[in-house]
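Next up, input_8.txt (compact mmCIF, C-alpha atoms):
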# COMPACT_ATOMS: atom_id res chain seq x y z
CA GLY A 190 51.44 8.93 -106.22
CA GLU A 191 50.96 10.10 -109.78
CA SER A 192 53.21 8.57 -112.41
CA VAL A 193 53.99 8.37 -116.08
CA GLY A 194 53.15 5.11 -117.86
CA LEU A 195 53.31 3.50 -121.28
CA HIS A 196 50.56 1.61 -123.09
CA LEU A 197 52.72 -0.88 -125.02
CA PRO A 198 55.77 -2.59 -123.56
CA THR A 199 56.98 -3.90 -126.96
CA LEU A 200 56.40 -2.62 -130.46
CA SER A 201 57.61 -4.58 -133.50
CA VAL A 202 57.71 -2.90 -136.92
CA GLN A 203 59.23 -3.45 -140.32
CA GLU A 204 62.01 -1.26 -141.61
CA GLY A 205 60.56 1.71 -143.47
CA ASP A 206 57.29 1.70 -141.54
CA ASN A 207 56.24 4.56 -139.33
CA SER A 208 56.28 3.85 -135.58
CA ILE A 209 54.10 5.35 -132.89
CA ILE A 210 55.00 4.98 -129.22
CA ASN A 211 52.44 6.09 -126.69
CA CYS A 212 52.63 7.41 -123.17
CA ALA A 213 49.94 8.28 -120.64
CA TYR A 214 50.60 10.67 -117.82
CA SER A 215 48.42 11.35 -114.83
CA ASN A 216 49.80 14.57 -113.36
CA SER A 217 47.79 17.41 -114.89
CA ALA A 218 50.31 19.89 -113.46
CA SER A 219 53.12 18.53 -115.64
CA ASP A 220 54.20 21.17 -118.12
CA TYR A 221 57.23 19.69 -119.82
CA PHE A 222 57.76 16.32 -121.48
CA ILE A 223 60.79 14.59 -122.98
CA TRP A 224 61.34 11.46 -125.02
CA TYR A 225 64.55 9.51 -124.50
CA LYS A 226 65.99 6.58 -126.45
CA GLN A 227 68.04 4.00 -124.59
CA GLU A 228 70.08 1.37 -126.38
CA SER A 229 71.31 -1.70 -124.56
CA GLY A 230 74.21 -0.91 -122.22
CA LYS A 231 73.96 2.83 -122.78
CA GLY A 232 72.43 5.78 -121.04
CA PRO A 233 69.23 7.48 -122.20
CA GLN A 234 69.71 9.73 -125.22
CA PHE A 235 67.62 12.89 -125.60
CA ILE A 236 65.36 12.75 -128.66
CA ILE A 237 62.84 15.55 -128.46
CA ASP A 238 60.94 17.60 -125.92
CA ILE A 239 57.71 19.57 -125.79
CA ARG A 240 56.17 22.10 -123.45
CA SER A 241 52.57 22.05 -122.42
CA ASN A 242 51.80 25.22 -124.39
CA MET A 243 52.35 23.23 -127.58
CA ASP A 244 50.52 20.23 -129.01
CA LYS A 245 53.04 19.20 -131.64
CA ARG A 246 56.74 19.47 -132.24
CA GLN A 247 58.82 18.03 -135.05
CA GLY A 248 62.42 17.00 -135.26
CA GLN A 249 64.41 15.00 -137.75
CA ARG A 250 62.19 11.96 -138.54
CA VAL A 251 60.46 12.33 -135.17
CA THR A 252 57.30 14.10 -134.08
CA VAL A 253 55.94 14.43 -130.57
CA LEU A 254 52.23 15.00 -130.05
CA LEU A 255 50.74 16.16 -126.77
CA ASN A 256 47.05 15.85 -125.92
CA LYS A 257 46.49 17.54 -122.58
CA THR A 258 42.78 16.79 -122.60
CA VAL A 259 43.38 13.07 -122.23
CA LYS A 260 46.89 13.38 -120.75
CA HIS A 261 48.49 11.52 -123.63
CA LEU A 262 51.87 11.85 -125.29
CA SER A 263 53.11 10.09 -128.39
CA LEU A 264 56.35 9.78 -130.31
CA GLN A 265 56.14 9.20 -134.02
CA ILE A 266 59.17 7.94 -135.90
CA ALA A 267 59.02 8.17 -139.68
CA ALA A 268 60.66 5.57 -141.93
CA THR A 269 61.83 3.48 -138.98
CA GLN A 270 65.32 2.04 -139.33
CA PRO A 271 67.02 -0.91 -137.60
CA GLY A 272 69.14 1.64 -135.72
CA ASP A 273 65.97 2.91 -134.09
CA SER A 274 65.63 -0.35 -132.16
CA ALA A 275 65.88 0.59 -128.49
CA VAL A 276 63.78 1.25 -125.41
CA TYR A 277 61.96 4.56 -125.50
CA PHE A 278 61.05 6.44 -122.34
CA CYS A 279 58.78 9.38 -121.87
CA ALA A 280 59.46 11.65 -118.92
CA GLU A 281 57.49 14.48 -117.38
CA ASN A 282 58.38 17.44 -115.26
CA ILE A 283 56.58 20.16 -113.39
CA GLY A 284 57.91 23.69 -113.67
CA GLY A 285 61.06 23.04 -115.66
CA TYR A 286 63.62 20.40 -116.43
CA SER A 287 65.05 19.82 -112.99
CA THR A 288 63.18 16.77 -111.72
CA LEU A 289 62.06 14.31 -114.34
CA THR A 290 59.69 11.42 -113.68
CA PHE A 291 60.27 8.60 -116.16
CA GLY A 292 57.82 6.00 -117.34
CA LYS A 293 58.68 2.32 -117.62
CA GLY A 294 59.65 2.31 -121.29
CA THR A 295 58.59 0.73 -124.57
CA MET A 296 60.91 -1.53 -126.51
CA LEU A 297 60.90 -0.84 -130.24
CA LEU A 298 62.07 -3.72 -132.43
CA VAL A 299 62.71 -2.96 -136.10
CA SER A 300 63.03 -5.86 -138.53
CA PRO A 301 64.98 -5.45 -141.78
CA GLU B 218 81.91 17.80 -127.25
CA ALA B 219 82.70 14.96 -124.87
CA GLY B 220 79.71 13.45 -123.14
CA VAL B 221 79.13 12.55 -119.52
CA VAL B 222 81.78 10.08 -118.42
CA GLN B 223 81.16 7.52 -115.72
CA SER B 224 83.38 4.91 -114.14
CA PRO B 225 83.59 2.09 -113.55
CA ARG B 226 81.25 0.62 -116.18
CA TYR B 227 80.69 -2.50 -114.12
CA LYS B 228 81.12 -3.33 -110.47
CA ILE B 229 80.53 -6.61 -108.67
CA ILE B 230 80.76 -6.69 -104.90
CA GLU B 231 79.53 -8.75 -101.99
CA LYS B 232 76.75 -7.42 -99.81
CA LYS B 233 77.80 -5.22 -96.91
CA GLN B 234 80.84 -3.97 -98.84
CA PRO B 235 81.25 -0.28 -99.77
CA VAL B 236 81.21 0.92 -103.37
CA ALA B 237 81.75 4.24 -105.10
CA PHE B 238 80.85 5.60 -108.53
CA TRP B 239 82.44 8.53 -110.28
CA CYS B 240 80.97 11.00 -112.76
CA ASN B 241 82.56 13.68 -114.92
CA PRO B 242 79.83 15.88 -116.43
CA ILE B 243 79.92 17.73 -119.72
CA SER B 244 82.23 20.73 -119.46
CA GLY B 245 80.36 23.83 -118.35
CA HIS B 246 77.31 21.97 -117.09
CA ASN B 247 76.34 23.34 -113.71
CA THR B 248 73.58 20.88 -112.88
CA LEU B 249 74.42 17.26 -112.14
CA TYR B 250 72.06 14.38 -111.40
CA TRP B 251 72.43 10.85 -110.09
CA TYR B 252 69.75 8.34 -111.04
CA ARG B 253 69.18 4.66 -110.28
CA GLN B 254 67.67 2.46 -112.96
CA ASN B 255 66.31 -0.97 -112.16
CA LEU B 256 65.92 -3.56 -114.89
CA GLY B 257 63.00 -2.77 -117.16
CA GLN B 258 62.27 0.51 -115.40
CA GLY B 259 62.89 4.15 -116.09
CA PRO B 260 65.59 6.04 -114.21
CA GLU B 261 64.69 7.38 -110.76
CA LEU B 262 66.34 10.51 -109.41
CA LEU B 263 68.52 10.11 -106.34
CA ILE B 264 70.09 13.55 -106.05
CA ARG B 265 70.50 16.78 -108.00
CA TYR B 266 73.34 19.29 -107.65
CA GLU B 267 73.40 22.91 -108.68
CA ASN B 268 77.15 23.54 -108.82
CA GLU B 269 78.42 22.09 -105.52
CA GLU B 270 75.10 22.34 -103.68
CA ALA B 271 72.76 19.37 -103.33
CA VAL B 272 69.38 20.99 -103.96
CA ASP B 273 67.21 17.87 -104.19
CA ASP B 274 68.21 14.75 -102.27
CA SER B 275 64.76 13.75 -101.10
CA GLN B 276 64.99 10.33 -102.81
CA LEU B 277 68.48 9.49 -101.61
CA PRO B 278 68.50 6.73 -98.93
CA LYS B 279 70.66 8.67 -96.55
CA ASP B 280 71.32 5.81 -94.15
CA ARG B 281 73.62 4.15 -96.67
CA PHE B 282 73.99 6.46 -99.67
CA SER B 283 76.09 9.60 -99.85
CA ALA B 284 77.21 11.88 -102.63
CA GLU B 285 79.52 14.79 -103.08
CA ARG B 286 80.49 17.35 -105.70
CA LEU B 287 83.14 19.28 -103.86
CA LYS B 288 84.37 21.62 -106.61
CA GLY B 289 81.15 21.77 -108.58
CA VAL B 290 82.48 19.57 -111.39
CA ASP B 291 83.09 15.83 -110.81
CA SER B 292 80.86 13.91 -108.45
CA THR B 293 80.99 10.65 -106.55
CA LEU B 294 78.13 8.52 -105.28
CA LYS B 295 78.86 6.06 -102.48
CA ILE B 296 76.96 3.19 -100.95
CA GLN B 297 78.02 1.80 -97.60
CA PRO B 298 77.13 -0.90 -96.83
CA ALA B 299 75.67 -2.26 -100.05
CA GLU B 300 72.56 -4.45 -99.90
CA LEU B 301 71.26 -6.99 -102.40
CA GLY B 302 68.50 -4.61 -103.45
CA ASP B 303 71.03 -2.01 -104.56
CA SER B 304 71.80 -3.99 -107.71
CA ALA B 305 70.95 -1.60 -110.54
CA VAL B 306 72.47 0.74 -113.09
CA TYR B 307 73.55 4.05 -111.60
CA LEU B 308 73.32 6.86 -114.13
CA CYS B 309 74.80 10.31 -113.99
CA ALA B 310 73.40 13.17 -116.06
CA SER B 311 74.26 16.82 -116.47
CA SER B 312 72.70 19.93 -117.95
CA LEU B 313 73.80 23.51 -118.50
CA ASP B 314 71.36 24.54 -115.83
CA ARG B 315 68.13 23.28 -114.35
CA VAL B 316 66.04 24.39 -117.36
CA GLN B 317 68.12 22.69 -120.07
CA PRO B 318 67.81 19.08 -121.28
CA GLN B 319 69.69 16.46 -119.33
CA HIS B 320 72.44 14.44 -121.00
CA PHE B 321 73.22 11.02 -119.57
CA GLY B 322 76.35 8.95 -119.19
CA ASP B 323 76.33 5.23 -119.93
CA GLY B 324 76.06 4.32 -116.25
CA THR B 325 77.68 1.92 -113.82
CA ARG B 326 76.09 -1.50 -113.59
CA LEU B 327 76.27 -2.67 -109.99
CA SER B 328 75.80 -6.30 -109.04
CA ILE B 329 75.61 -7.35 -105.40
CA LEU B 330 76.42 -10.97 -104.59

Give the structure from the file, written as structure tokens.
Amino acid sequence: GESVGLHLPTLSVQEGDNSIINCAYSNSASDYFIWYKQESGKGPQFIIDIRSNMDKRQGQRVTVLLNKTVKHLSLQIAATQPGDSAVYFCAENIGGYSTLTFGKGTMLLVSP
Amino acid sequence: EAGVVQSPRYKIIEKKQPVAFWCNPISGHNTLYWYRQNLGQGPELLIRYENEEAVDDSQLPKDRFSAERLKGVDSTLKIQPAELGDSAVYLCASSLDRVQPQHFGDGTRLSIL
């Protein structure tokens, strides 16, 4: 079946750098995407979402970019901090929020 | 506001034993989800409730898994009997309704011996 996947399993950056986490999706019918952050021993924490009628959305220090042409989603974190170290998941949904399909995750490691 | 509360945080049992997980969603959230997360993987939906009705249980292994949300608030997920492959983190999430973002609890880590 179709699924959401991530290009990089681990991303290591220095504190203060900008981070980019990528996600490829294969279901062209997906119309809603979410990024979650999961710290060790905790549940996923909502970061930011975007609908398919948008190509960019900004939050506090985070930006999500959506390229429907190549079915690609990215999460940009500005001025990465050690507290940003976690596993990041993208998730997709068709027709609303109800059933999310998660990718496998990318671990972000931030060095002081 | 208080988040999604799950208990227990950890559970270790022998195979073939029963086990149950409990979830208290965020107050006022009508939609409740149970997910299973294997190590290094993203969460996978097991069942979704709209109030007390299970509206999507297509991924729930019904031969051994059951869930209930009798009063449309708290929910329990049960496995009987547990198998070695059931070792995972079981996450509960809730949302105001099906078109609002889902908020997750910290999960129950289940280990089967």

| message | Based on all atoms listed in the file, which of the residues in chain B come within 10 Å of chain A? I want them as number ranges by chain. | response | B: 221, 226, 248-250, 254-262, 264-267, 273, 306-310, 312, 314-326

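Taking CA of Ala237 in chain B and CA of Ala219 in chain B as endpoints, the distance between them is 22.5 Å.
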
| message | Please determine, counting all atoms listed in the file, which residue among B:Ser311, B:Glu269, B:Tyr227, B:Gln276 has the shortest atom-to-atom distance to Ser328 in chain B. | response | B:Tyr227

| query | Any idea what's packed within 12 Å of Val236 in chain B, counting only C-alpha atoms, ignoring anything in its chain fewer than 6 positions away? Could you give it as a count of residues only? | reply | 26

| message | With distances taken over only C-alpha atoms, which residue among B:Asn268, B:Ala305, B:Lys233, B:Gly289 lies nearest Tyr252 in chain B? | response |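 Of B:Asn268, B:Ala305, B:Lys233, B:Gly289, the one nearest Tyr252 in chain B, counting only C-alpha atoms, is B:Ala305.
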
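Using all atoms listed in the file, the nearest neighbour of Leu264 in chain A within the list A:Val299, A:Ile283, A:Ile210, A:Ala218 is A:Ile210.
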
| request: Rounded to one decimal place, report the CA of Asn256 in chain A-CA of Glu281 in chain A distance in Å. | output: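 About the pair CA of Asn256 in chain A and CA of Glu281 in chain A: they are 13.6 Å apart.
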
| Selected residue of minimal separation from Gln249 in chain A among A:Asn216, A:Gln203, A:Thr269, A:Ser263, counting all atoms listed in the file |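 Among the listed residues, the smallest separation from Gln249 in chain A belongs to A:Thr269.
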
| Using only C-alpha atoms, which residue out of A:Lys226, A:Tyr221, A:Asp273, A:Asn207 lies closest to Asp244 in chain A? |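 Residue with the minimum atom-to-atom distance to Asp244 in chain A: A:Tyr221.
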